[in-house]
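A.B. asks: Here you go, this is upload_30.txt (compact mmCIF, C-alpha atoms and all ligand atoms).
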```
# COMPACT_ATOMS: atom_id res chain seq x y z
CA ALA F 13 -19.59 -84.18 8.45
CA ASN F 14 -18.51 -80.74 7.38
CA GLN F 15 -15.31 -82.16 5.95
CA LYS F 16 -17.25 -84.80 4.06
CA LEU F 17 -19.42 -82.11 2.53
CA GLU F 18 -16.40 -80.13 1.44
CA LEU F 19 -14.87 -83.24 -0.13
CA LEU F 20 -18.11 -83.75 -1.99
CA GLY F 21 -17.68 -80.19 -3.18
CA GLN F 22 -14.67 -81.32 -5.19
CA LEU F 23 -16.52 -84.18 -6.94
CA GLU F 24 -18.13 -83.50 -10.29
CA SER F 25 -21.77 -82.55 -10.43
CA LYS F 26 -23.22 -85.13 -12.77
CA THR F 27 -25.98 -87.70 -12.63
CA ALA F 28 -25.26 -91.40 -12.04
CA ASP F 29 -25.47 -91.85 -15.82
CA GLY F 30 -22.98 -89.08 -16.48
CA VAL F 31 -25.05 -86.02 -17.45
CA PRO F 32 -23.51 -82.80 -16.08
CA ILE F 33 -25.79 -80.63 -13.94
CA LYS F 34 -24.27 -77.22 -13.37
CA LEU F 35 -24.43 -75.88 -9.84
CA TYR F 36 -23.98 -72.21 -9.00
CA GLY F 37 -24.23 -70.21 -5.80
CA ASN F 38 -26.68 -67.46 -4.83
CA ILE F 39 -25.04 -64.57 -2.97
CA GLU F 40 -26.07 -61.31 -1.36
CA PHE F 41 -22.66 -60.00 -0.31
CA PRO F 42 -19.40 -60.11 -2.31
CA GLU F 43 -17.53 -61.92 0.47
CA GLU F 44 -19.80 -64.94 0.01
CA VAL F 45 -18.10 -65.84 -3.25
CA ASP F 46 -15.37 -67.66 -1.31
CA HIS F 47 -17.96 -69.83 0.41
CA CYS F 48 -19.55 -70.60 -2.97
CA ILE F 49 -16.30 -71.94 -4.35
CA LYS F 50 -15.55 -73.98 -1.21
CA ARG F 51 -18.94 -75.59 -1.52
CA GLY F 52 -18.27 -76.58 -5.10
CA ALA F 53 -20.15 -73.90 -7.06
CA GLU F 54 -19.15 -73.46 -10.70
CA GLY F 55 -19.82 -69.75 -10.49
CA VAL F 56 -22.35 -67.30 -9.09
CA GLY F 57 -25.80 -67.88 -10.57
CA LEU F 58 -27.49 -65.03 -8.72
CA TYR F 59 -25.90 -62.01 -7.11
CA ARG F 60 -28.68 -60.06 -5.36
CA THR F 61 -27.18 -56.58 -5.63
CA GLU F 62 -29.93 -54.74 -3.74
CA PHE F 63 -28.00 -55.62 -0.59
CA LEU F 64 -25.52 -52.91 -1.63
CA TYR F 65 -28.35 -50.49 -0.90
CA LEU F 66 -29.62 -52.13 2.22
CA LYS F 67 -26.21 -52.04 3.90
CA ASP F 68 -25.66 -48.27 4.12
CA ASP F 69 -27.74 -45.19 4.70
CA ARG F 70 -26.43 -43.57 1.55
CA GLU F 71 -26.91 -44.54 -2.06
CA PRO F 72 -23.97 -46.54 -3.49
CA SER F 73 -21.85 -44.70 -6.06
CA GLU F 74 -20.72 -46.19 -9.35
CA GLU F 75 -17.39 -47.00 -7.68
CA ASP F 76 -19.15 -48.76 -4.77
CA HIS F 77 -20.93 -50.97 -7.30
CA TYR F 78 -17.77 -51.49 -9.33
CA ASN F 79 -15.66 -52.46 -6.32
CA ALA F 80 -18.27 -54.93 -5.12
CA TYR F 81 -18.44 -56.58 -8.55
CA ARG F 82 -14.65 -56.78 -8.82
CA ARG F 83 -14.59 -58.39 -5.38
CA VAL F 84 -16.88 -61.13 -6.71
CA VAL F 85 -15.31 -61.68 -10.11
CA ASP F 86 -11.60 -61.33 -9.33
CA PRO F 87 -11.25 -64.66 -7.46
CA ILE F 88 -13.12 -66.50 -10.26
CA PRO F 89 -12.31 -64.71 -13.54
CA THR F 90 -13.14 -67.75 -15.69
CA LEU F 91 -16.44 -68.68 -14.02
CA PRO F 92 -19.82 -67.10 -14.76
CA VAL F 93 -21.09 -64.42 -12.40
CA VAL F 94 -24.71 -63.40 -12.95
CA ILE F 95 -25.33 -59.93 -11.58
CA ARG F 96 -29.00 -59.19 -11.10
CA THR F 97 -29.93 -55.54 -11.44
CA LEU F 98 -31.63 -53.91 -8.47
CA ASP F 99 -34.59 -55.82 -7.17
CA LEU F 100 -35.75 -53.06 -4.84
CA GLY F 101 -39.35 -52.53 -3.84
CA ALA F 102 -41.99 -54.51 -2.04
CA GLU F 103 -40.37 -55.47 1.28
CA LYS F 104 -36.89 -54.35 0.15
CA PHE F 105 -36.77 -50.58 0.50
CA PRO F 106 -33.64 -48.91 1.88
CA HIS F 107 -33.62 -45.72 3.97
CA SER F 108 -31.56 -43.88 1.37
CA LEU F 109 -34.38 -44.24 -1.16
CA GLU F 110 -37.38 -43.79 1.09
CA ASP F 111 -38.59 -40.73 -0.81
CA LEU F 112 -38.79 -42.84 -3.99
CA ALA F 113 -40.84 -45.55 -2.31
CA GLU F 114 -44.47 -45.70 -3.27
CA VAL F 115 -47.25 -45.53 -0.76
CA SER F 116 -49.36 -48.47 -1.75
CA PRO F 117 -51.44 -50.99 0.13
CA ASN F 118 -50.13 -53.67 -2.23
CA PRO F 119 -46.40 -53.12 -2.87
CA VAL F 120 -45.77 -56.67 -4.10
CA LEU F 121 -47.86 -55.81 -7.15
CA GLY F 122 -46.45 -52.32 -7.36
CA LEU F 123 -43.37 -50.39 -8.41
CA ARG F 124 -40.59 -52.88 -7.73
CA SER F 125 -37.58 -54.48 -9.41
CA VAL F 126 -37.10 -53.68 -13.10
CA ARG F 127 -40.25 -51.52 -13.02
CA PHE F 128 -38.64 -49.38 -10.37
CA THR F 129 -35.29 -49.06 -12.17
CA LEU F 130 -37.00 -48.16 -15.45
CA ARG F 131 -38.61 -45.21 -13.65
CA ASN F 132 -35.38 -44.22 -11.89
CA LEU F 133 -32.93 -44.21 -14.75
CA GLY F 134 -30.11 -42.40 -12.95
CA LEU F 135 -29.74 -45.18 -10.45
CA PHE F 136 -30.25 -47.87 -13.10
CA LYS F 137 -27.56 -46.43 -15.36
CA THR F 138 -25.10 -46.07 -12.49
CA GLN F 139 -25.39 -49.77 -11.81
CA LEU F 140 -25.24 -50.80 -15.48
CA ARG F 141 -22.08 -48.73 -16.01
CA ALA F 142 -20.39 -50.48 -13.10
CA ILE F 143 -21.45 -53.94 -14.32
CA LEU F 144 -20.21 -53.28 -17.87
CA ARG F 145 -16.88 -51.96 -16.59
CA ALA F 146 -16.35 -54.86 -14.18
CA ALA F 147 -17.25 -57.34 -16.94
CA VAL F 148 -13.91 -56.62 -18.62
CA HIS F 149 -12.35 -58.68 -15.83
CA GLY F 150 -14.32 -61.91 -16.05
CA ASP F 151 -17.44 -63.71 -17.25
CA ILE F 152 -20.01 -61.30 -15.83
CA ARG F 153 -23.58 -61.52 -17.11
CA ILE F 154 -26.53 -59.18 -16.54
CA MET F 155 -29.95 -60.29 -15.41
CA PHE F 156 -33.15 -58.25 -15.07
CA PRO F 157 -35.59 -59.16 -12.27
CA LEU F 158 -39.38 -59.41 -12.40
CA VAL F 159 -39.69 -58.89 -16.14
CA THR F 160 -43.40 -59.08 -16.96
CA SER F 161 -43.72 -58.04 -20.60
CA VAL F 162 -41.56 -58.11 -23.71
CA LEU F 163 -41.83 -54.34 -23.93
CA GLU F 164 -40.30 -53.99 -20.49
CA LEU F 165 -37.41 -56.26 -21.46
CA ARG F 166 -36.81 -54.21 -24.60
CA GLN F 167 -36.82 -51.00 -22.57
CA ALA F 168 -34.24 -52.39 -20.15
CA LYS F 169 -32.06 -53.55 -23.04
CA MET F 170 -32.38 -50.16 -24.69
CA ILE F 171 -31.11 -48.45 -21.55
CA LEU F 172 -28.22 -50.91 -21.50
CA GLY F 173 -27.44 -49.89 -25.09
CA ASP F 174 -27.53 -46.19 -24.12
CA VAL F 175 -25.10 -46.84 -21.28
CA MET F 176 -22.72 -48.64 -23.65
CA GLU F 177 -22.79 -45.63 -25.98
CA ASP F 178 -22.00 -43.29 -23.09
CA LEU F 179 -19.03 -45.42 -22.00
CA GLU F 180 -17.83 -45.59 -25.59
CA GLU F 181 -17.94 -41.81 -25.96
CA GLU F 182 -16.12 -41.34 -22.68
CA GLY F 183 -13.42 -43.79 -23.76
CA ILE F 184 -13.99 -46.00 -20.72
CA PRO F 185 -13.23 -49.72 -21.19
CA PHE F 186 -16.25 -52.00 -20.91
CA CYS F 187 -17.54 -55.36 -22.14
CA ARG F 188 -19.73 -54.91 -25.20
CA ASP F 189 -20.80 -58.52 -25.83
CA ILE F 190 -22.06 -59.21 -22.32
CA GLN F 191 -24.75 -61.87 -21.97
CA VAL F 192 -28.15 -60.54 -20.99
CA GLY F 193 -30.74 -62.69 -19.26
CA MET F 194 -33.95 -62.33 -17.33
CA MET F 195 -35.63 -63.81 -14.32
CA VAL F 196 -38.75 -65.81 -15.06
CA GLU F 197 -40.67 -65.19 -11.86
CA VAL F 198 -44.02 -63.87 -13.01
CA PRO F 199 -46.53 -66.19 -14.71
CA SER F 200 -46.75 -63.88 -17.75
CA ALA F 201 -43.03 -64.40 -18.38
CA ALA F 202 -43.36 -68.18 -18.13
CA LEU F 203 -46.41 -68.19 -20.43
CA LEU F 204 -44.61 -66.08 -23.04
CA ALA F 205 -41.24 -67.80 -22.65
CA ASP F 206 -41.13 -68.58 -26.39
CA ARG F 207 -41.29 -64.85 -27.17
CA PHE F 208 -38.79 -63.89 -24.50
CA ALA F 209 -36.40 -66.62 -25.67
CA GLU F 210 -35.93 -64.65 -28.89
CA GLU F 211 -34.53 -61.69 -26.96
CA VAL F 212 -32.38 -63.00 -24.11
CA ASP F 213 -29.27 -65.15 -23.73
CA PHE F 214 -30.59 -67.08 -20.72
CA PHE F 215 -33.51 -67.57 -18.35
CA SER F 216 -33.34 -67.92 -14.61
CA ILE F 217 -36.53 -69.20 -12.99
CA GLY F 218 -37.11 -67.46 -9.67
CA THR F 219 -39.43 -69.89 -7.96
CA ASN F 220 -39.87 -67.75 -4.83
CA ASP F 221 -41.76 -65.07 -6.71
CA LEU F 222 -43.16 -67.44 -9.33
CA ILE F 223 -44.97 -69.37 -6.59
CA GLN F 224 -46.14 -66.16 -4.94
CA TYR F 225 -47.60 -64.72 -8.14
CA THR F 226 -48.99 -67.96 -9.55
CA LEU F 227 -50.76 -69.08 -6.39
CA ALA F 228 -51.61 -65.54 -5.22
CA VAL F 229 -49.96 -66.33 -1.89
CA ASP F 230 -47.81 -63.67 -0.23
CA ARG F 231 -44.43 -65.37 0.27
CA ALA F 232 -43.91 -63.50 3.54
CA ASN F 233 -47.31 -64.03 5.12
CA PRO F 234 -47.31 -66.82 7.73
CA THR F 235 -51.11 -67.02 7.75
CA VAL F 236 -51.11 -68.48 4.25
CA ALA F 237 -47.72 -70.22 4.35
CA ASP F 238 -49.37 -73.65 4.09
CA LEU F 239 -50.72 -72.64 0.67
CA TYR F 240 -47.27 -71.73 -0.63
CA SER F 241 -45.64 -74.74 -2.30
CA ALA F 242 -43.14 -75.39 -5.07
CA ALA F 243 -44.85 -78.75 -5.47
CA ASP F 244 -48.07 -77.24 -6.72
CA PRO F 245 -48.89 -78.79 -10.11
CA SER F 246 -49.27 -75.30 -11.58
CA ILE F 247 -45.66 -74.49 -10.72
CA LEU F 248 -44.36 -77.74 -12.20
CA ARG F 249 -46.35 -77.08 -15.35
CA LEU F 250 -44.98 -73.54 -15.72
CA ILE F 251 -41.42 -74.80 -15.30
CA ARG F 252 -42.01 -77.43 -17.98
CA MET F 253 -43.38 -74.73 -20.30
CA VAL F 254 -40.30 -72.58 -19.83
CA VAL F 255 -37.96 -75.53 -20.44
CA ALA F 256 -39.82 -76.49 -23.63
CA ALA F 257 -39.90 -72.94 -25.01
CA ALA F 258 -36.25 -72.37 -24.17
CA ALA F 259 -35.14 -75.67 -25.73
CA LYS F 260 -36.46 -74.56 -29.12
CA LYS F 261 -34.05 -71.62 -29.08
CA ASP F 262 -31.24 -73.37 -27.16
CA THR F 263 -31.69 -70.81 -24.39
CA PRO F 264 -30.15 -72.05 -21.12
CA VAL F 265 -32.52 -72.25 -18.14
CA VAL F 266 -31.31 -72.03 -14.56
CA VAL F 267 -33.56 -72.42 -11.51
CA CYS F 268 -32.48 -70.04 -8.77
CA GLY F 269 -35.28 -69.81 -6.21
CA GLN F 270 -35.34 -71.78 -2.97
CA MET F 271 -36.77 -74.77 -4.80
CA SER F 272 -33.36 -75.50 -6.33
CA GLY F 273 -31.71 -75.52 -2.89
CA ASP F 274 -34.16 -78.10 -1.52
CA PRO F 275 -33.10 -81.71 -2.21
CA LEU F 276 -36.77 -82.69 -2.31
CA TYR F 277 -37.03 -81.09 -5.76
CA THR F 278 -33.69 -82.01 -7.33
CA ALA F 279 -34.96 -85.12 -9.11
CA VAL F 280 -38.18 -83.58 -10.40
CA LEU F 281 -36.33 -80.52 -11.73
CA ILE F 282 -33.84 -82.71 -13.59
CA GLY F 283 -36.69 -84.89 -14.80
CA MET F 284 -38.39 -81.82 -16.27
CA GLY F 285 -35.21 -80.98 -18.20
CA ILE F 286 -33.43 -78.56 -15.90
CA ARG F 287 -29.64 -78.88 -16.23
CA GLU F 288 -28.49 -75.85 -14.21
CA MET F 289 -29.36 -74.76 -10.70
CA SER F 290 -28.28 -71.91 -8.48
CA ALA F 291 -28.82 -72.07 -4.75
CA THR F 292 -27.55 -70.89 -1.43
CA PRO F 293 -23.97 -72.23 -1.15
CA PHE F 294 -24.85 -74.06 2.04
CA SER F 295 -27.19 -76.42 0.16
CA LEU F 296 -24.93 -77.24 -2.79
CA PRO F 297 -23.25 -80.39 -1.40
CA ILE F 298 -26.52 -82.06 -0.50
CA ILE F 299 -28.01 -81.19 -3.89
CA LYS F 300 -24.93 -82.63 -5.56
CA GLN F 301 -25.32 -85.82 -3.55
CA VAL F 302 -28.83 -86.30 -4.94
CA ILE F 303 -27.66 -85.49 -8.49
CA ARG F 304 -24.90 -88.10 -8.27
CA SER F 305 -27.29 -90.80 -7.12
CA ILE F 306 -29.96 -90.65 -9.83
CA THR F 307 -30.06 -91.29 -13.55
CA ILE F 308 -31.88 -89.14 -16.09
CA PRO F 309 -34.48 -91.88 -16.84
CA GLN F 310 -35.18 -92.20 -13.10
CA ALA F 311 -35.60 -88.45 -12.77
CA GLU F 312 -37.85 -88.38 -15.82
CA GLU F 313 -40.01 -91.10 -14.37
CA ILE F 314 -40.32 -89.17 -11.11
CA ALA F 315 -41.32 -86.01 -12.99
CA ALA F 316 -43.83 -87.96 -15.10
CA HIS F 317 -45.46 -89.45 -12.03
CA ALA F 318 -45.51 -86.08 -10.22
CA ASP F 319 -47.33 -84.76 -13.26
CA THR F 320 -50.25 -87.13 -12.70
CA LEU F 321 -50.96 -85.73 -9.21
CA ASP F 322 -53.44 -82.91 -8.61
CA VAL F 323 -52.53 -81.61 -5.19
CA ALA F 324 -49.31 -80.06 -3.87
CA ARG F 325 -49.45 -82.14 -0.71
CA ASP F 326 -49.55 -85.38 -2.74
CA VAL F 327 -46.64 -84.25 -4.90
CA GLU F 328 -44.61 -83.40 -1.79
CA ASN F 329 -45.34 -86.76 -0.18
CA TYR F 330 -44.48 -88.61 -3.36
CA LEU F 331 -41.18 -86.73 -3.76
CA ARG F 332 -40.33 -87.32 -0.11
CA GLY F 333 -40.75 -91.06 -0.64
CA GLU F 334 -38.57 -91.02 -3.74
CA LEU F 335 -35.85 -89.03 -2.00
CA LYS F 336 -35.76 -91.57 0.82
CA LYS F 337 -35.22 -94.36 -1.68
CA ILE F 338 -32.14 -92.77 -3.20
CA SER F 339 -30.47 -91.41 -0.07
C1 LIG V 1 -37.00 -65.65 -6.64
O1 LIG V 1 -37.95 -64.88 -6.66
O2 LIG V 1 -37.11 -66.90 -6.71
C2 LIG V 1 -35.62 -65.16 -6.53
C3 LIG V 1 -34.58 -65.96 -6.71
O3 LIG V 1 -35.43 -63.86 -6.22
P1 LIG V 1 -35.69 -63.22 -4.76
O4 LIG V 1 -35.84 -64.37 -3.80
O5 LIG V 1 -34.52 -62.34 -4.51
O6 LIG V 1 -36.96 -62.47 -4.99
MG MG V 2 -37.67 -62.79 -6.98
```
Go through the file and emit its structure as structure tokens.
C.D. replies:
Amino acid sequence: ANQKLELLGQLESKTADGVPIKLYGNIEFPEEVDHCIKRGAEGVGLYRTEFLYLKDDREPSEEDHYNAYRRVVDPIPTLPVVIRTLDLGAEKFPHSLEDLAEVSPNPVLGLRSVRFTLRNLGLFKTQLRAILRAAVHGDIRIMFPLVTSVLELRQAKMILGDVMEDLEEEGIPFCRDIQVGMMVEVPSAALLADRFAEEVDFFSIGTNDLIQYTLAVDRANPTVADLYSAADPSILRLIRMVVAAAAKKDTPVVVCGQMSGDPLYTAVLIGMGIREMSATPFSLPIIKQVIRSITIPQAEEIAAHADTLDVARDVENYLRGELKKIS
């Protein structure tokens, strides 16, 4: 079975009627890039770099960052590698930074992700320098996590500009025309996607946090796990809004949360207009299998029907039935 999956990895990712759906891998450690390629990924759609911090007791240096990024990009210099800037905070707080952690009863709504890096510029700039330097060697792109307002995005981009100026003055080679994207994982970002689309090169919908913040359900709390669902009509509607706003500006939209690694949602995502997905490498062959067995009109019909349902449970049951029919 494993061999069959790896063979599938070599087949093209396109729908039964020939529309390409790009598949990328999510990684947490540089070594995982090899697994991504074996499983048929066309690049790395999400590199969660905070694991560089969680590995050691000391803060990573610019060279630690740089070496990790080279390790990812060197085997695949022509494929996209999306490096997400530090998504620290909430449940992800390393020992080396404990004195910067906030004491809050509600850290998920607190100083995390891009909010945290904007208040700790030294550490933010160290990472951005390493990304820009490594980007000389491949198709590296930058992505900011948990962007909530346009102002915040502009601030992050301004810091990126400052770092470029520093590298320029120091005569250090770097990539100036790097693509800059953002995660859409807070409802405010999805609601204002038309505004954000003016200022980024791509969107990546992080469904894990988008579900958490839209439904007000802690993604890590087992007591309310039954209320946490990608099939909730509110989530589907937000994804549609992002796709529509992005299409007006030709801004690519990737889905990179767990939803895109679950075959249950492949058809509905495609039916809503999603053409790129990033998921854990393990799930890529099965996702590709679903992609290859449906047509765009079929997927659109599935999405249209899902849209008529009011309750997550009904959407899930409906999608389960449809998946059975095609597999
Ligand atoms: C997400 O929120 O969907 C996501 C991809 O990021 P993380 O799971 O790292 O928060
Ligand atoms: Mg997230």
A.B. asks: Which residues, written as a short mmCIF file (atom, residue, chain, number, x, y, z; two decimals) with C-alpha atoms, in the coordinates of the input, have at least one atom at most 8 Å from Met176 in chain F, with all atoms listed in the file counted and residues fewer than 4 positions away on the same chain left out?
C.D. replies:
```
data_model
loop_
_atom_site.label_atom_id
_atom_site.label_comp_id
_atom_site.auth_asym_id
_atom_site.auth_seq_id
_atom_site.Cartn_x
_atom_site.Cartn_y
_atom_site.Cartn_z
CA ARG F 141 -22.08 -48.73 -16.01
CA LEU F 144 -20.21 -53.28 -17.87
CA LEU F 172 -28.22 -50.91 -21.50
CA GLU F 180 -17.83 -45.59 -25.59
CA PHE F 186 -16.25 -52.00 -20.91
CA ARG F 188 -19.73 -54.91 -25.20
#
```
A.B. asks: May I have the residues within 12 Å of Gln15 in chain F as a compact mmCIF listing (two decimals) with C-alpha atoms, in the coordinates of the input, using only C-alpha atoms and disregarding those fewer than 4 positions away in the same chain?
C.D. replies:
```
# COMPACT_ATOMS: atom_id res chain seq x y z
CA LEU F 19 -14.87 -83.24 -0.13
CA LEU F 20 -18.11 -83.75 -1.99
CA GLY F 21 -17.68 -80.19 -3.18
CA GLN F 22 -14.67 -81.32 -5.19
CA LYS F 50 -15.55 -73.98 -1.21
CA ARG F 51 -18.94 -75.59 -1.52
CA PRO F 297 -23.25 -80.39 -1.40
```
A.B. asks: Could you give me, as a PyMOL selection string, every polymer residue with an atom at most 8 Å away from an atom of ligand MG 2 (chain V), counting only C-alpha atoms and all ligand atoms?
C.D. replies: chain F and resi 99+157-158+195+197+218-222+269
A.B. asks: Could you check which of F:Arg207, F:Arg82, F:Lys169, F:Arg131 is closest to Asp151 in chain F, using only C-alpha atoms?
C.D. replies: F:Arg82
A.B. asks: Could you jot down the CA of Cys187 in chain F to CA of Pro72 in chain F separation for me, Å, one decimal place?
C.D. replies: 21.6 Å
A.B. asks: Name all residues at most 12 Å from Ile171 in chain F (count only C-alpha atoms; drop same-chain ones fewer than 6 positions away) and give them as a list in words.
C.D. replies: Val126, Thr129, Leu130, Arg131, Asn132, Leu133, Gly134, Leu135, Phe136, Lys137, Thr138, Gln139, Leu140, Arg141, Phe156, Glu164, Leu165, Glu177 and Asp178 of chain F
A.B. asks: With C-alpha atoms kept, could you save the residues just selected as an mmCIF file, keeping the file's coordinate frame?
C.D. replies:
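Written out: again.cif:
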```
data_model
loop_
_atom_site.group_PDB
_atom_site.id
_atom_site.type_symbol
_atom_site.label_atom_id
_atom_site.label_comp_id
_atom_site.auth_asym_id
_atom_site.auth_seq_id
_atom_site.Cartn_x
_atom_site.Cartn_y
_atom_site.Cartn_z
ATOM 1 C CA VAL F 126 -37.100 -53.680 -13.100
ATOM 2 C CA THR F 129 -35.290 -49.060 -12.170
ATOM 3 C CA LEU F 130 -37.000 -48.160 -15.450
ATOM 4 C CA ARG F 131 -38.610 -45.210 -13.650
ATOM 5 C CA ASN F 132 -35.380 -44.220 -11.890
ATOM 6 C CA LEU F 133 -32.930 -44.210 -14.750
ATOM 7 C CA GLY F 134 -30.110 -42.400 -12.950
ATOM 8 C CA LEU F 135 -29.740 -45.180 -10.450
ATOM 9 C CA PHE F 136 -30.250 -47.870 -13.100
ATOM 10 C CA LYS F 137 -27.560 -46.430 -15.360
ATOM 11 C CA THR F 138 -25.100 -46.070 -12.490
ATOM 12 C CA GLN F 139 -25.390 -49.770 -11.810
ATOM 13 C CA LEU F 140 -25.240 -50.800 -15.480
ATOM 14 C CA ARG F 141 -22.080 -48.730 -16.010
ATOM 15 C CA PHE F 156 -33.150 -58.250 -15.070
ATOM 16 C CA GLU F 164 -40.300 -53.990 -20.490
ATOM 17 C CA LEU F 165 -37.410 -56.260 -21.460
ATOM 18 C CA GLU F 177 -22.790 -45.630 -25.980
ATOM 19 C CA ASP F 178 -22.000 -43.290 -23.090
#
```
A.B. asks: As a short mmCIF file (atom, residue, chain, number, x, y, z; two decimals), keeping the file's coordinate frame, could you write out range 218-242 of chain F once it has been completed with N, CA and C atoms?
C.D. replies:
```
data_model
loop_
_atom_site.label_atom_id
_atom_site.label_comp_id
_atom_site.auth_asym_id
_atom_site.auth_seq_id
_atom_site.Cartn_x
_atom_site.Cartn_y
_atom_site.Cartn_z
N GLY F 218 -37.10 -67.84 -11.08
CA GLY F 218 -37.11 -67.46 -9.67
C GLY F 218 -38.37 -68.05 -9.04
N THR F 219 -38.23 -69.21 -8.44
CA THR F 219 -39.43 -69.89 -7.96
C THR F 219 -40.08 -69.17 -6.78
N ASN F 220 -39.28 -68.41 -6.01
CA ASN F 220 -39.87 -67.75 -4.83
C ASN F 220 -41.01 -66.82 -5.25
N ASP F 221 -40.71 -65.97 -6.24
CA ASP F 221 -41.76 -65.07 -6.71
C ASP F 221 -42.75 -65.77 -7.64
N LEU F 222 -42.25 -66.74 -8.42
CA LEU F 222 -43.16 -67.44 -9.33
C LEU F 222 -44.29 -68.13 -8.55
N ILE F 223 -43.94 -68.71 -7.42
CA ILE F 223 -44.97 -69.37 -6.59
C ILE F 223 -45.93 -68.31 -6.02
N GLN F 224 -45.33 -67.24 -5.52
CA GLN F 224 -46.14 -66.16 -4.94
C GLN F 224 -47.17 -65.62 -5.93
N TYR F 225 -46.71 -65.35 -7.16
CA TYR F 225 -47.60 -64.72 -8.14
C TYR F 225 -48.54 -65.71 -8.81
N THR F 226 -48.13 -66.96 -8.91
CA THR F 226 -48.99 -67.96 -9.55
C THR F 226 -50.12 -68.37 -8.61
N LEU F 227 -49.76 -68.59 -7.35
CA LEU F 227 -50.76 -69.08 -6.39
C LEU F 227 -51.46 -67.94 -5.65
N ALA F 228 -51.06 -66.69 -5.93
CA ALA F 228 -51.61 -65.54 -5.22
C ALA F 228 -51.46 -65.71 -3.71
N VAL F 229 -50.27 -66.16 -3.31
CA VAL F 229 -49.96 -66.33 -1.89
C VAL F 229 -48.74 -65.48 -1.55
N ASP F 230 -48.91 -64.51 -0.68
CA ASP F 230 -47.81 -63.67 -0.23
C ASP F 230 -46.72 -64.55 0.39
N ARG F 231 -45.50 -64.48 -0.18
CA ARG F 231 -44.43 -65.37 0.27
C ARG F 231 -43.98 -65.07 1.69
N ALA F 232 -44.36 -63.89 2.21
CA ALA F 232 -43.91 -63.50 3.54
C ALA F 232 -45.03 -63.56 4.59
N ASN F 233 -46.18 -64.04 4.20
CA ASN F 233 -47.31 -64.03 5.12
C ASN F 233 -47.53 -65.40 5.77
N PRO F 234 -47.22 -65.51 7.07
CA PRO F 234 -47.31 -66.82 7.73
C PRO F 234 -48.73 -67.39 7.76
N THR F 235 -49.72 -66.53 7.70
CA THR F 235 -51.11 -67.02 7.75
C THR F 235 -51.44 -67.94 6.58
N VAL F 236 -50.79 -67.68 5.43
CA VAL F 236 -51.11 -68.48 4.25
C VAL F 236 -49.91 -69.34 3.80
N ALA F 237 -48.94 -69.48 4.71
CA ALA F 237 -47.72 -70.22 4.35
C ALA F 237 -48.01 -71.66 3.92
N ASP F 238 -49.06 -72.25 4.47
CA ASP F 238 -49.37 -73.65 4.09
C ASP F 238 -49.87 -73.75 2.65
N LEU F 239 -50.25 -72.62 2.07
CA LEU F 239 -50.72 -72.64 0.67
C LEU F 239 -49.58 -72.40 -0.33
N TYR F 240 -48.42 -72.08 0.22
CA TYR F 240 -47.27 -71.73 -0.63
C TYR F 240 -46.42 -72.97 -0.85
N SER F 241 -46.43 -73.52 -2.08
CA SER F 241 -45.64 -74.74 -2.30
C SER F 241 -45.08 -74.83 -3.72
N ALA F 242 -43.79 -75.16 -3.77
CA ALA F 242 -43.14 -75.39 -5.07
C ALA F 242 -43.68 -76.65 -5.74
#
```
